[in-house]
$ cat data_9.cif   # mmCIF, C-alpha atoms
data_my_file
loop_
_atom_site.label_atom_id
_atom_site.label_comp_id
_atom_site.auth_asym_id
_atom_site.auth_seq_id
_atom_site.Cartn_x
_atom_site.Cartn_y
_atom_site.Cartn_z
CA MET A 1 -13.30 16.38 -24.72
CA ARG A 2 -13.09 19.82 -23.18
CA LYS A 3 -10.32 22.28 -23.89
CA ARG A 4 -9.86 25.79 -22.58
CA PHE A 5 -8.08 28.35 -24.71
CA ILE A 6 -6.59 31.75 -23.83
CA CYS A 7 -6.03 34.16 -26.72
CA ILE A 8 -3.20 36.68 -26.66
CA VAL A 9 -4.22 39.66 -28.80
CA PHE A 10 -1.38 41.79 -30.07
CA SER A 11 -3.45 44.42 -31.90
CA VAL A 12 -6.93 45.13 -33.10
CA ALA A 13 -5.76 44.57 -36.66
CA THR A 14 -4.61 41.04 -35.94
CA LEU A 15 -7.54 40.02 -33.71
CA ALA A 16 -9.40 38.05 -36.35
CA ALA A 17 -6.25 36.25 -37.43
CA VAL A 18 -5.32 35.37 -33.89
CA VAL A 19 -8.74 33.93 -33.14
CA LEU A 20 -8.48 31.64 -36.15
CA THR A 21 -4.95 30.39 -35.57
CA ALA A 22 -4.02 27.07 -33.98
CA GLY A 23 -2.08 28.98 -31.34
CA CYS A 24 -5.31 30.28 -29.84
CA THR A 25 -7.24 28.44 -27.18
CA GLU A 26 -10.98 27.89 -27.23
CA THR A 27 -13.19 29.93 -24.98
CA GLU A 28 -16.03 27.44 -24.98
CA THR A 29 -16.39 23.71 -24.50
CA THR A 30 -16.10 21.56 -27.63
CA ARG A 31 -16.84 17.91 -28.19
CA PRO A 32 -15.83 15.50 -30.92
CA THR A 33 -18.42 14.77 -33.59
CA ARG A 34 -17.61 11.08 -33.96
CA PHE A 35 -16.03 8.19 -32.06
CA GLU A 36 -13.92 5.32 -33.40
CA PRO A 37 -13.61 2.36 -31.02
CA GLY A 38 -10.29 0.64 -30.41
CA PRO A 39 -9.48 -3.05 -30.98
CA LEU A 40 -11.44 -4.25 -27.93
CA GLY A 41 -14.58 -2.29 -28.74
CA ALA A 42 -16.37 0.16 -26.52
CA VAL A 43 -19.31 0.52 -24.17
CA THR A 44 -21.97 2.78 -25.70
CA LEU A 45 -24.41 4.55 -23.41
CA GLU A 46 -27.38 6.49 -24.68
CA ALA A 47 -28.63 9.71 -23.13
CA ASP A 48 -29.32 9.41 -19.40
CA GLU A 49 -28.19 5.77 -19.19
CA PRO A 50 -26.06 5.10 -16.08
CA ILE A 51 -22.52 3.80 -16.13
CA ARG A 52 -22.65 0.14 -15.18
CA ILE A 53 -20.04 -1.83 -13.26
CA ARG A 54 -20.57 -5.18 -11.58
CA THR A 55 -19.18 -7.13 -8.63
CA LEU A 56 -18.17 -10.79 -8.96
CA LEU A 57 -17.85 -11.98 -5.37
CA SER A 58 -18.19 -14.87 -2.93
CA VAL A 59 -21.73 -14.82 -1.55
CA THR A 60 -22.54 -18.40 -0.51
CA VAL A 61 -18.94 -19.50 0.24
CA ALA A 62 -16.63 -17.20 2.26
CA PRO A 63 -19.57 -14.79 2.58
CA THR A 64 -17.68 -12.41 4.88
CA LEU A 65 -15.26 -11.57 2.07
CA GLY A 66 -18.13 -11.01 -0.33
CA ALA A 67 -20.13 -8.82 2.03
CA VAL A 68 -17.29 -6.47 2.97
CA SER A 69 -16.20 -6.17 -0.66
CA GLN A 70 -19.70 -5.30 -1.85
CA ARG A 71 -20.10 -2.71 0.89
CA GLY A 72 -16.69 -1.19 0.23
CA ALA A 73 -17.59 -0.87 -3.45
CA GLU A 74 -20.95 0.72 -2.60
CA PHE A 75 -19.33 3.41 -0.46
CA ALA A 76 -16.79 4.11 -3.20
CA VAL A 77 -19.53 4.56 -5.81
CA GLU A 78 -21.32 7.01 -3.54
CA ASP A 79 -18.17 8.95 -2.72
CA MET A 80 -17.04 9.23 -6.35
CA GLY A 81 -20.38 10.78 -7.31
CA LEU A 82 -21.46 11.39 -10.90
CA ILE A 83 -19.12 10.42 -13.74
CA HIS A 84 -19.59 12.66 -16.78
CA GLY A 85 -22.88 13.70 -15.25
CA ARG A 86 -24.14 10.12 -15.03
CA ARG A 87 -24.98 7.91 -12.09
CA VAL A 88 -22.99 4.73 -11.53
CA ARG A 89 -25.04 1.57 -11.11
CA LEU A 90 -23.36 -1.26 -9.22
CA GLY A 91 -26.12 -3.83 -8.96
CA ASP A 92 -26.24 -6.92 -6.79
CA PRO A 93 -23.12 -9.10 -6.50
CA VAL A 94 -22.76 -12.04 -8.85
CA ASP A 95 -21.88 -15.14 -6.80
CA THR A 96 -18.79 -17.20 -7.62
CA SER A 97 -19.20 -19.75 -4.80
CA CYS A 98 -15.43 -19.29 -4.42
CA SER A 99 -14.92 -21.93 -7.10
CA PRO A 100 -13.66 -22.19 -10.69
CA ALA A 101 -17.08 -23.24 -11.95
CA GLY A 102 -18.73 -20.34 -10.16
CA GLY A 103 -16.13 -17.88 -11.40
CA ARG A 104 -16.51 -19.03 -14.98
CA ALA A 105 -20.31 -18.93 -14.89
CA GLY A 106 -20.45 -15.57 -13.14
CA ALA A 107 -18.00 -13.99 -15.56
CA GLY A 108 -19.91 -15.45 -18.51
CA GLY A 109 -23.11 -13.82 -17.33
CA ILE A 110 -21.45 -10.45 -16.85
CA VAL A 111 -19.72 -10.30 -20.24
CA GLY A 112 -23.06 -11.05 -21.88
CA ASP A 113 -24.12 -7.50 -21.01
CA PRO A 114 -22.44 -5.12 -23.50
CA GLN A 115 -23.02 -2.11 -21.24
CA VAL A 116 -20.85 -3.33 -18.36
CA ALA A 117 -17.74 -1.16 -18.21
CA GLY A 118 -15.74 -3.17 -15.66
CA VAL A 119 -15.84 -5.67 -12.81
CA ILE A 120 -14.81 -5.60 -9.16
CA GLY A 121 -13.83 -9.14 -8.19
CA THR A 122 -13.21 -11.85 -7.47
CA ASN A 123 -12.69 -12.57 -3.77
CA CYS A 124 -11.22 -16.04 -4.20
CA SER A 125 -8.26 -16.91 -6.39
CA ALA A 126 -9.89 -20.22 -7.33
CA ALA A 127 -12.76 -18.29 -8.92
CA ALA A 128 -10.40 -15.79 -10.56
CA VAL A 129 -8.41 -18.50 -12.34
CA ALA A 130 -11.56 -19.36 -14.31
CA ALA A 131 -13.11 -15.89 -14.48
CA SER A 132 -10.02 -13.99 -15.64
CA PRO A 133 -9.77 -15.57 -19.12
CA VAL A 134 -13.49 -15.02 -19.74
CA ILE A 135 -13.25 -11.36 -18.74
CA SER A 136 -10.05 -10.87 -20.72
CA GLU A 137 -11.25 -12.50 -23.94
CA ALA A 138 -14.38 -10.34 -23.85
CA GLY A 139 -12.22 -7.20 -23.73
CA LEU A 140 -13.33 -6.21 -20.22
CA LEU A 141 -11.24 -5.68 -17.12
CA MET A 142 -11.55 -6.89 -13.55
CA ILE A 143 -9.94 -5.47 -10.40
CA SER A 144 -9.83 -7.80 -7.41
CA PRO A 145 -9.91 -6.64 -3.79
CA SER A 146 -8.68 -9.91 -2.28
CA ASN A 147 -7.19 -12.41 -4.76
CA THR A 148 -3.61 -13.12 -3.75
CA SER A 149 -2.42 -16.22 -5.64
CA PRO A 150 0.83 -15.64 -7.57
CA ARG A 151 -0.63 -17.74 -10.38
CA LEU A 152 -2.87 -14.85 -11.41
CA THR A 153 -0.11 -12.33 -12.10
CA SER A 154 3.64 -12.92 -12.02
CA ASP A 155 6.65 -14.23 -10.16
CA LEU A 156 7.53 -10.61 -9.22
CA SER A 157 10.68 -10.97 -11.32
CA GLY A 158 9.20 -9.92 -14.65
CA ASN A 159 7.71 -13.25 -15.71
CA ALA A 160 4.00 -13.90 -16.20
CA ASN A 161 2.55 -16.88 -14.38
CA PRO A 162 0.29 -19.43 -16.16
CA ASP A 163 -3.04 -17.92 -15.16
CA TYR A 164 -2.27 -14.28 -15.98
CA HIS A 165 -4.53 -12.64 -18.57
CA PRO A 166 -4.58 -9.04 -19.81
CA GLY A 167 -7.40 -7.13 -18.20
CA TYR A 168 -6.81 -8.66 -14.76
CA PHE A 169 -5.71 -6.37 -11.92
CA ARG A 170 -5.74 -6.55 -8.13
CA VAL A 171 -5.30 -4.17 -5.21
CA SER A 172 -4.48 -7.04 -2.84
CA SER A 173 -0.84 -8.10 -2.74
CA ASN A 174 0.81 -11.08 -4.37
CA ASP A 175 1.22 -13.96 -1.91
CA LEU A 176 4.92 -14.18 -2.70
CA HIS A 177 5.22 -11.22 -0.34
CA GLN A 178 3.29 -13.06 2.35
CA ALA A 179 5.45 -16.15 1.95
CA ARG A 180 8.61 -14.10 2.43
CA ALA A 181 7.18 -12.29 5.44
CA LEU A 182 5.99 -15.45 7.15
CA SER A 183 9.14 -17.46 6.52
CA ASP A 184 11.33 -14.71 7.99
CA PHE A 185 9.08 -14.31 11.02
CA VAL A 186 8.82 -18.03 11.76
CA TYR A 187 12.53 -18.73 11.34
CA ASN A 188 14.09 -15.61 12.80
CA GLU A 189 11.51 -14.33 15.30
CA LEU A 190 9.81 -17.50 16.55
CA GLU A 191 13.01 -19.48 15.93
CA LEU A 192 11.07 -22.47 14.62
CA ARG A 193 12.81 -24.79 12.20
CA SER A 194 10.17 -27.19 10.87
CA VAL A 195 6.69 -26.30 9.62
CA ALA A 196 4.15 -28.72 8.13
CA THR A 197 1.68 -27.26 5.63
CA LEU A 198 -1.90 -28.01 4.68
CA HIS A 199 -3.95 -26.83 1.71
CA ASP A 200 -7.26 -27.73 0.06
CA GLY A 201 -6.09 -27.88 -3.54
CA ASP A 202 -7.38 -24.56 -4.81
CA ALA A 203 -5.34 -21.84 -6.51
CA TYR A 204 -5.03 -19.77 -3.34
CA THR A 205 -4.17 -22.32 -0.67
CA SER A 206 -1.95 -24.55 -2.81
CA ALA A 207 0.06 -21.69 -4.30
CA LEU A 208 0.54 -20.05 -0.91
CA VAL A 209 1.88 -23.15 0.85
CA GLU A 210 4.17 -23.81 -2.13
CA ALA A 211 5.49 -20.24 -1.99
CA PHE A 212 5.97 -20.53 1.77
CA ALA A 213 7.85 -23.84 1.44
CA ASP A 214 10.24 -22.29 -1.09
CA ALA A 215 10.79 -19.15 1.00
CA PHE A 216 11.21 -21.13 4.23
CA ALA A 217 13.78 -23.41 2.62
CA GLU A 218 15.75 -20.34 1.48
CA VAL A 219 16.19 -19.17 5.08
CA GLY A 220 17.11 -22.65 6.30
CA GLY A 221 13.76 -24.06 7.41
CA GLU A 222 12.27 -27.48 6.68
CA VAL A 223 8.76 -28.50 5.59
CA PRO A 224 8.55 -32.20 6.60
CA VAL A 225 4.95 -32.71 5.46
CA GLN A 226 2.92 -30.97 2.73
CA ALA A 227 -0.60 -32.34 3.09
CA GLU A 228 -3.81 -31.78 1.17
CA ILE A 229 -7.46 -32.15 2.13
CA ALA A 230 -10.58 -31.93 -0.02
CA LYS A 231 -12.84 -28.91 -0.09
CA GLY A 232 -15.60 -29.44 2.45
CA GLU A 233 -13.62 -31.98 4.48
CA THR A 234 -14.05 -31.57 8.23
CA ASP A 235 -12.71 -34.85 9.68
CA MET A 236 -9.01 -34.09 10.03
CA THR A 237 -7.96 -37.32 11.77
CA GLU A 238 -5.86 -38.68 8.91
CA VAL A 239 -3.86 -35.53 8.27
CA LEU A 240 -3.43 -34.82 11.98
CA THR A 241 -2.03 -38.32 12.47
CA GLU A 242 0.50 -37.62 9.71
CA PHE A 243 1.48 -34.32 11.31
CA ALA A 244 1.84 -35.82 14.78
CA ALA A 245 4.15 -38.51 13.41
CA ALA A 246 6.36 -35.86 11.77
CA GLY A 247 6.47 -33.70 14.92
CA PRO A 248 6.78 -30.24 13.32
CA ASP A 249 7.31 -27.09 15.36
CA ALA A 250 4.33 -25.47 13.62
CA VAL A 251 1.56 -26.10 11.11
CA PHE A 252 0.70 -23.54 8.44
CA PHE A 253 -2.86 -24.03 7.17
CA PRO A 254 -4.19 -21.13 5.03
CA LEU A 255 -7.69 -22.65 4.78
CA PHE A 256 -11.11 -21.00 4.58
CA VAL A 257 -13.49 -20.82 7.54
CA ASN A 258 -15.33 -24.13 7.15
CA GLU A 259 -12.26 -26.35 6.90
CA GLY A 260 -9.99 -24.07 8.92
CA THR A 261 -12.30 -23.98 11.93
CA ALA A 262 -12.51 -27.78 11.98
CA PHE A 263 -8.77 -28.22 11.61
CA ALA A 264 -7.86 -25.76 14.37
CA ALA A 265 -10.35 -27.28 16.82
CA GLN A 266 -9.19 -30.85 16.22
CA ALA A 267 -5.49 -29.95 16.19
CA ARG A 268 -5.80 -28.38 19.65
CA ALA A 269 -6.97 -31.70 21.11
CA PHE A 270 -4.84 -34.12 19.10
CA ASP A 271 -2.23 -36.24 20.87
CA GLY A 272 1.28 -35.33 19.82
CA LEU A 273 0.42 -31.79 18.68
CA GLU A 274 -0.10 -30.18 22.07
CA GLY A 275 2.83 -27.77 21.77
CA THR A 276 2.58 -27.16 18.03
CA THR A 277 2.21 -23.55 16.89
CA LEU A 278 -0.77 -22.96 14.61
CA ILE A 279 -0.45 -20.41 11.81
CA SER A 280 -2.99 -19.36 9.20
CA ALA A 281 -3.56 -16.57 6.72
CA ALA A 282 -6.07 -14.03 5.43
CA ALA A 283 -8.92 -16.43 4.64
CA LEU A 284 -9.26 -17.11 8.38
CA LEU A 285 -8.54 -13.52 9.38
CA VAL A 286 -12.25 -12.79 9.80
CA SER A 287 -14.35 -11.95 12.83
CA SER A 288 -16.35 -15.18 12.85
CA PHE A 289 -13.21 -17.28 13.27
CA LEU A 290 -11.48 -14.89 15.66
CA ALA A 291 -14.41 -15.36 18.05
CA THR A 292 -13.86 -19.13 18.33
CA PRO A 293 -11.83 -20.63 21.20
CA GLN A 294 -9.57 -22.57 18.83
CA SER A 295 -8.33 -19.30 17.30
CA GLU A 296 -6.77 -18.15 20.57
CA GLY A 297 -2.98 -18.19 20.50
CA MET A 298 -2.76 -18.50 16.71
CA TYR A 299 -0.61 -16.42 14.37
CA PHE A 300 -1.99 -15.01 11.15
CA ALA A 301 -0.20 -13.67 8.07
CA GLY A 302 -2.25 -11.11 6.21
CA PRO A 303 -2.66 -7.60 4.86
CA GLU A 304 -2.46 -4.46 6.92
CA ALA A 305 -5.78 -3.76 8.60
CA ASP A 306 -5.66 -0.32 10.23
CA PHE A 307 -6.54 2.15 7.47
CA SER A 308 -8.26 4.78 9.62
CA SER A 309 -5.73 7.58 9.01
CA ASN A 310 -5.18 6.91 5.30
CA VAL A 311 -6.97 9.03 2.70
CA ASN A 312 -8.13 8.04 -0.77
CA GLU A 313 -7.05 10.95 -2.96
CA LEU A 314 -9.78 10.30 -5.53
CA THR A 315 -12.62 10.87 -3.06
CA GLY A 316 -10.85 12.81 -0.31
CA ARG A 317 -12.32 10.39 2.23
CA SER A 318 -10.26 8.95 5.07
CA GLY A 319 -10.45 5.39 6.25
CA GLN A 320 -12.04 6.57 9.48
CA GLN A 321 -14.76 8.44 7.59
CA VAL A 322 -15.61 5.33 5.60
CA LEU A 323 -15.56 3.21 8.76
CA ASP A 324 -17.92 5.65 10.47
CA ALA A 325 -20.28 5.44 7.50
CA PHE A 326 -19.98 1.65 7.60
CA ALA A 327 -20.90 1.57 11.29
CA ASP A 328 -23.86 3.92 10.79
CA ARG A 329 -25.28 1.83 7.95
CA HIS A 330 -24.36 -1.71 8.97
CA GLY A 331 -24.15 -1.46 12.74
CA GLY A 332 -20.54 -2.39 13.33
CA PHE A 333 -17.05 -2.74 11.89
CA PRO A 334 -16.05 -4.62 8.72
CA GLU A 335 -15.36 -8.28 9.48
CA SER A 336 -12.40 -8.45 7.10
CA PRO A 337 -9.73 -5.89 6.17
CA TYR A 338 -10.51 -6.22 2.47
CA TRP A 339 -13.28 -3.61 2.66
CA ALA A 340 -10.59 -0.97 2.06
CA HIS A 341 -9.15 -2.82 -0.92
CA ALA A 342 -12.61 -3.00 -2.49
CA TYR A 343 -13.11 0.72 -1.91
CA ASP A 344 -9.80 1.58 -3.60
CA ALA A 345 -10.37 -0.87 -6.46
CA THR A 346 -13.73 0.72 -7.23
CA THR A 347 -12.38 4.26 -7.16
CA MET A 348 -9.54 3.19 -9.49
CA LEU A 349 -12.02 1.77 -11.97
CA LEU A 350 -14.31 4.80 -11.86
CA ALA A 351 -11.43 7.26 -12.16
CA ALA A 352 -10.18 5.40 -15.22
CA ILE A 353 -13.67 5.47 -16.76
CA ARG A 354 -13.87 9.20 -16.12
CA SER A 355 -10.51 9.77 -17.81
CA VAL A 356 -11.20 7.82 -21.02
CA ALA A 357 -14.94 8.28 -21.59
CA VAL A 358 -15.85 10.40 -24.62
CA GLU A 359 -19.10 12.29 -25.11
CA VAL A 360 -20.45 12.56 -28.66
CA GLY A 361 -23.79 14.30 -28.72
CA ASP A 362 -25.96 12.61 -26.11
CA ARG A 363 -23.94 9.39 -26.15
CA LEU A 364 -21.06 8.37 -23.89
CA TYR A 365 -18.41 5.97 -25.19
CA ILE A 366 -15.99 4.04 -22.96
CA ASP A 367 -13.21 2.49 -25.01
CA ARG A 368 -12.16 -0.81 -23.46
CA ALA A 369 -8.53 -0.84 -24.60
CA ARG A 370 -8.00 2.71 -23.36
CA LEU A 371 -9.68 1.79 -20.09
CA ARG A 372 -7.24 -1.06 -19.51
CA ARG A 373 -4.32 1.25 -20.20
CA ALA A 374 -5.70 3.86 -17.82
CA VAL A 375 -6.02 1.33 -14.98
CA ARG A 376 -2.53 -0.01 -15.66
CA ALA A 377 -1.21 3.55 -15.38
CA THR A 378 -2.80 3.97 -11.95
CA ASP A 379 -0.55 5.52 -9.31
CA ILE A 380 -2.71 6.86 -6.50
CA SER A 381 -2.78 7.23 -2.76
CA GLY A 382 -5.63 5.07 -1.51
CA LEU A 383 -6.96 3.82 1.79
CA VAL A 384 -4.55 0.86 1.64
CA GLY A 385 -1.60 3.05 0.67
CA THR A 386 -0.07 3.70 -2.74
CA ALA A 387 -1.75 1.70 -5.49
CA SER A 388 0.59 1.46 -8.47
CA CYS A 389 0.12 -1.24 -11.08
CA ASP A 390 2.88 -3.28 -12.72
CA ASP A 391 2.73 -4.89 -16.16
CA PHE A 392 0.98 -7.98 -14.82
CA GLY A 393 -1.82 -6.34 -12.85
CA ASP A 394 -0.28 -6.31 -9.38
CA CYS A 395 -1.26 -2.95 -7.89
CA GLY A 396 -0.94 -3.74 -4.17
CA THR A 397 1.55 -2.35 -1.70
CA GLY A 398 3.17 -5.71 -0.91
CA ARG A 399 3.13 -4.85 2.79
CA MET A 400 2.18 -7.63 5.20
CA ASN A 401 1.54 -8.01 8.91
CA ILE A 402 1.85 -10.99 11.20
CA TYR A 403 -0.84 -10.91 13.88
CA HIS A 404 -0.92 -12.76 17.19
CA HIS A 405 -4.46 -13.44 18.40
CA THR A 406 -4.60 -13.95 22.16
CA ASP A 407 -8.07 -12.74 23.15
CA THR A 408 -11.26 -14.05 21.52
CA SER A 409 -13.17 -10.99 22.68
CA ILE A 410 -11.23 -9.01 20.07
CA THR A 411 -12.69 -9.81 16.67
CA ASP A 412 -11.93 -6.55 14.83
CA VAL A 413 -8.84 -7.38 12.76
CA SER A 414 -7.59 -3.80 12.96
CA ARG A 415 -7.28 -4.20 16.76
CA LEU A 416 -5.21 -7.40 16.73
CA ARG A 417 -1.68 -7.29 18.03
CA VAL A 418 0.83 -6.87 15.21
CA VAL A 419 4.06 -8.73 16.00
CA TYR A 420 5.86 -8.38 12.65
CA VAL A 421 5.70 -5.90 9.77
CA TYR A 422 6.98 -6.67 6.28
CA SER A 423 7.53 -4.15 3.50
CA PRO A 424 9.07 -5.14 0.15
CA SER A 425 12.42 -3.55 -0.60
#

$ encode --input "data_9.cif" --output "structure tokens"
Amino acid sequence: MRKRFICIVFSVATLAAVVLTAGCTETETTRPTRFEPGPLGAVTLEADEPIRIRTLLSVTVAPTLGAVSQRGAEFAVEDMGLIHGRRVRLGDPVDTSCSPAGGRAGAGGIVGDPQVAGVIGTNCSAAAVAASPVISEAGLLMISPSNTSPRLTSDLSGNANPDYHPGYFRVSSNDLHQARALSDFVYNELELRSVATLHDGDAYTSALVEAFADAFAEVGGEVPVQAEIAKGETDMTEVLTEFAAAGPDAVFFPLFVNEGTAFAAQARAFDGLEGTTLISAAALLVSSFLATPQSEGMYFAGPEADFSSNVNELTGRSGQQVLDAFADRHGGFPESPYWAHAYDATTMLLAAIRSVAVEVGDRLYIDRARLRRAVRATDISGLVGTASCDDFGDCGTGRMNIYHHTDTSITDVSRLRVVYVYSPS
């Protein structure tokens, strides 16, 4: 801890007394001589050891999300520079396979390393449901760039949801916001009255369609069919037959790329669904899907994507500067908007580490309980906007866009046409 003191000397005779009084300020840097860890313990780093954080991401399933998150975190580490004179080591991403089993196993491996100060992840809510309790019980914290399931935090009315655990935070916004945005747009802007829904049973897709059904009913809409497919299923004949029989105005299917691509392609050619509006969400809002012919004409609910003019106050870097660096290093634009969320999440974590770390001799201590409190107290201007955390780990802006994709040559999400903007009151 460093303190600067300024002495006010009233006379030569009182100089010695003034220097020794508590009212004086030190003229040189002082450090504590001992450290007492809090109830969750502390990370202890010896002289010259780097600060270690890890990423827990989707690598083999939904790889676009994992890649942009890892790269966003890497740029943030570089831009934050040294923390207490030490390098920050990020390491390779730990794969969750976008599944509960993968999330649990990945988190278990990370918490086995006592020098890990914090985690950036996960990408998928299904993985977070299993990873969050492991991270929490170990006393660590995790900040997600792209989890959105309400189950992981709260109902936005002051009540924790079943899968909330202390130590879990996210920069992405709670899907209750997306459900409200989409229901208002569909009912009042598109003037559609019936929407069938489809999910694959995981914590993200099932919670989102449930939230949408509730919000749509509140504005007067109807959900005639709520269908479910299995992960990995690509023959959609049975569910499409059910939808065609119900005759909805639209189908909302917030699936991932594998299942979502198959569903969209088959729905386009299915008898009885020719005029049905297709709507999806952020898991399909990636360049690889936007390039497919079945994506043309679809609507997407998702986060804001144009961050070029925003500035992260912790690094002083604008979104455009990070995008330029991304293009120079990786040869193009990020294929998902969550690169910015990962950048902000990483800077939040590193800023909190910088604020709570204590140097004693050659050692650096990072108290885990204090670190959680520092992240919870975050209120910064980031690339995605103001990141301010509530009591349940929701730190996102809540703002949502509805995009209309009409040209498959446009695969940069930030260039898609925005037809509706939602901001929580």

$ closest_atom_pairs --input "data_9.cif" --of "stretch 46-113 of chain A" --to "stretch 125-141 of chain A" --cutoff "6 Å" --atoms "only C-alpha atoms" --output "tab-separated table"
residue	atom	partner	partner_atom	distance
A:Cys98	CA	A:Ala127	CA	5.3
A:Ser99	CA	A:Ala127	CA	4.6
A:Pro100	CA	A:Ala127	CA	4.4
A:Gly103	CA	A:Ala127	CA	4.2
A:Arg104	CA	A:Ala131	CA	4.7
A:Ala107	CA	A:Ala131	CA	5.4

$ closest_atom_pairs --input "data_9.cif" --of "stretch 95-202 of chain A" --to "stretch 64-75 of chain A" --cutoff "8 Å" --atoms "all atoms listed in the file" --output "JSON lines"
{"residue": "A:Ile120", "atom": "CA", "partner": "A:Ala73", "partner_atom": "CA", "distance": 7.9}
{"residue": "A:Asn123", "atom": "CA", "partner": "A:Leu65", "partner_atom": "CA", "distance": 6.5}
{"residue": "A:Pro145", "atom": "CA", "partner": "A:Ser69", "partner_atom": "CA", "distance": 7.0}

$ residues_around --input "data_9.cif" --residues "A:Arg415" --least-positions-apart "4" --cutoff "9 Å" --atoms "all atoms listed in the file" --output "list in words"
Ala305, Asp306, Ile410 and Thr411 of chain A

$ axis_aligned_box --input "data_9.cif" --around "stretch 410-425 of chain A" --padding-each-side "6 Å" --output "lines of an AutoDock Vina configuration file"
center_x = -0.1
center_y = -6.7
center_z = 9.7
size_x = 37.1
size_y = 18.3
size_z = 32.7

$ residues_around --input "data_9.cif" --residues "stretch 204-219 of chain A" --least-positions-apart "5" --cutoff "10 Å" --atoms "all atoms listed in the file" --output "PyMOL selection string"
chain A and resi 124-129+147-152+174-188+193-199+224+226-228+252-256+281+283

$ write_last_selection --input "data_9.cif" --atoms "C-alpha atoms" --output "compact mmCIF listing (two decimals), in the coordinates of the input"
# COMPACT_ATOMS: atom_id res chain seq x y z
CA CYS A 124 -11.22 -16.04 -4.20
CA SER A 125 -8.26 -16.91 -6.39
CA ALA A 126 -9.89 -20.22 -7.33
CA ALA A 127 -12.76 -18.29 -8.92
CA ALA A 128 -10.40 -15.79 -10.56
CA VAL A 129 -8.41 -18.50 -12.34
CA ASN A 147 -7.19 -12.41 -4.76
CA THR A 148 -3.61 -13.12 -3.75
CA SER A 149 -2.42 -16.22 -5.64
CA PRO A 150 0.83 -15.64 -7.57
CA ARG A 151 -0.63 -17.74 -10.38
CA LEU A 152 -2.87 -14.85 -11.41
CA ASN A 174 0.81 -11.08 -4.37
CA ASP A 175 1.22 -13.96 -1.91
CA LEU A 176 4.92 -14.18 -2.70
CA HIS A 177 5.22 -11.22 -0.34
CA GLN A 178 3.29 -13.06 2.35
CA ALA A 179 5.45 -16.15 1.95
CA ARG A 180 8.61 -14.10 2.43
CA ALA A 181 7.18 -12.29 5.44
CA LEU A 182 5.99 -15.45 7.15
CA SER A 183 9.14 -17.46 6.52
CA ASP A 184 11.33 -14.71 7.99
CA PHE A 185 9.08 -14.31 11.02
CA VAL A 186 8.82 -18.03 11.76
CA TYR A 187 12.53 -18.73 11.34
CA ASN A 188 14.09 -15.61 12.80
CA ARG A 193 12.81 -24.79 12.20
CA SER A 194 10.17 -27.19 10.87
CA VAL A 195 6.69 -26.30 9.62
CA ALA A 196 4.15 -28.72 8.13
CA THR A 197 1.68 -27.26 5.63
CA LEU A 198 -1.90 -28.01 4.68
CA HIS A 199 -3.95 -26.83 1.71
CA PRO A 224 8.55 -32.20 6.60
CA GLN A 226 2.92 -30.97 2.73
CA ALA A 227 -0.60 -32.34 3.09
CA GLU A 228 -3.81 -31.78 1.17
CA PHE A 252 0.70 -23.54 8.44
CA PHE A 253 -2.86 -24.03 7.17
CA PRO A 254 -4.19 -21.13 5.03
CA LEU A 255 -7.69 -22.65 4.78
CA PHE A 256 -11.11 -21.00 4.58
CA ALA A 281 -3.56 -16.57 6.72
CA ALA A 283 -8.92 -16.43 4.64
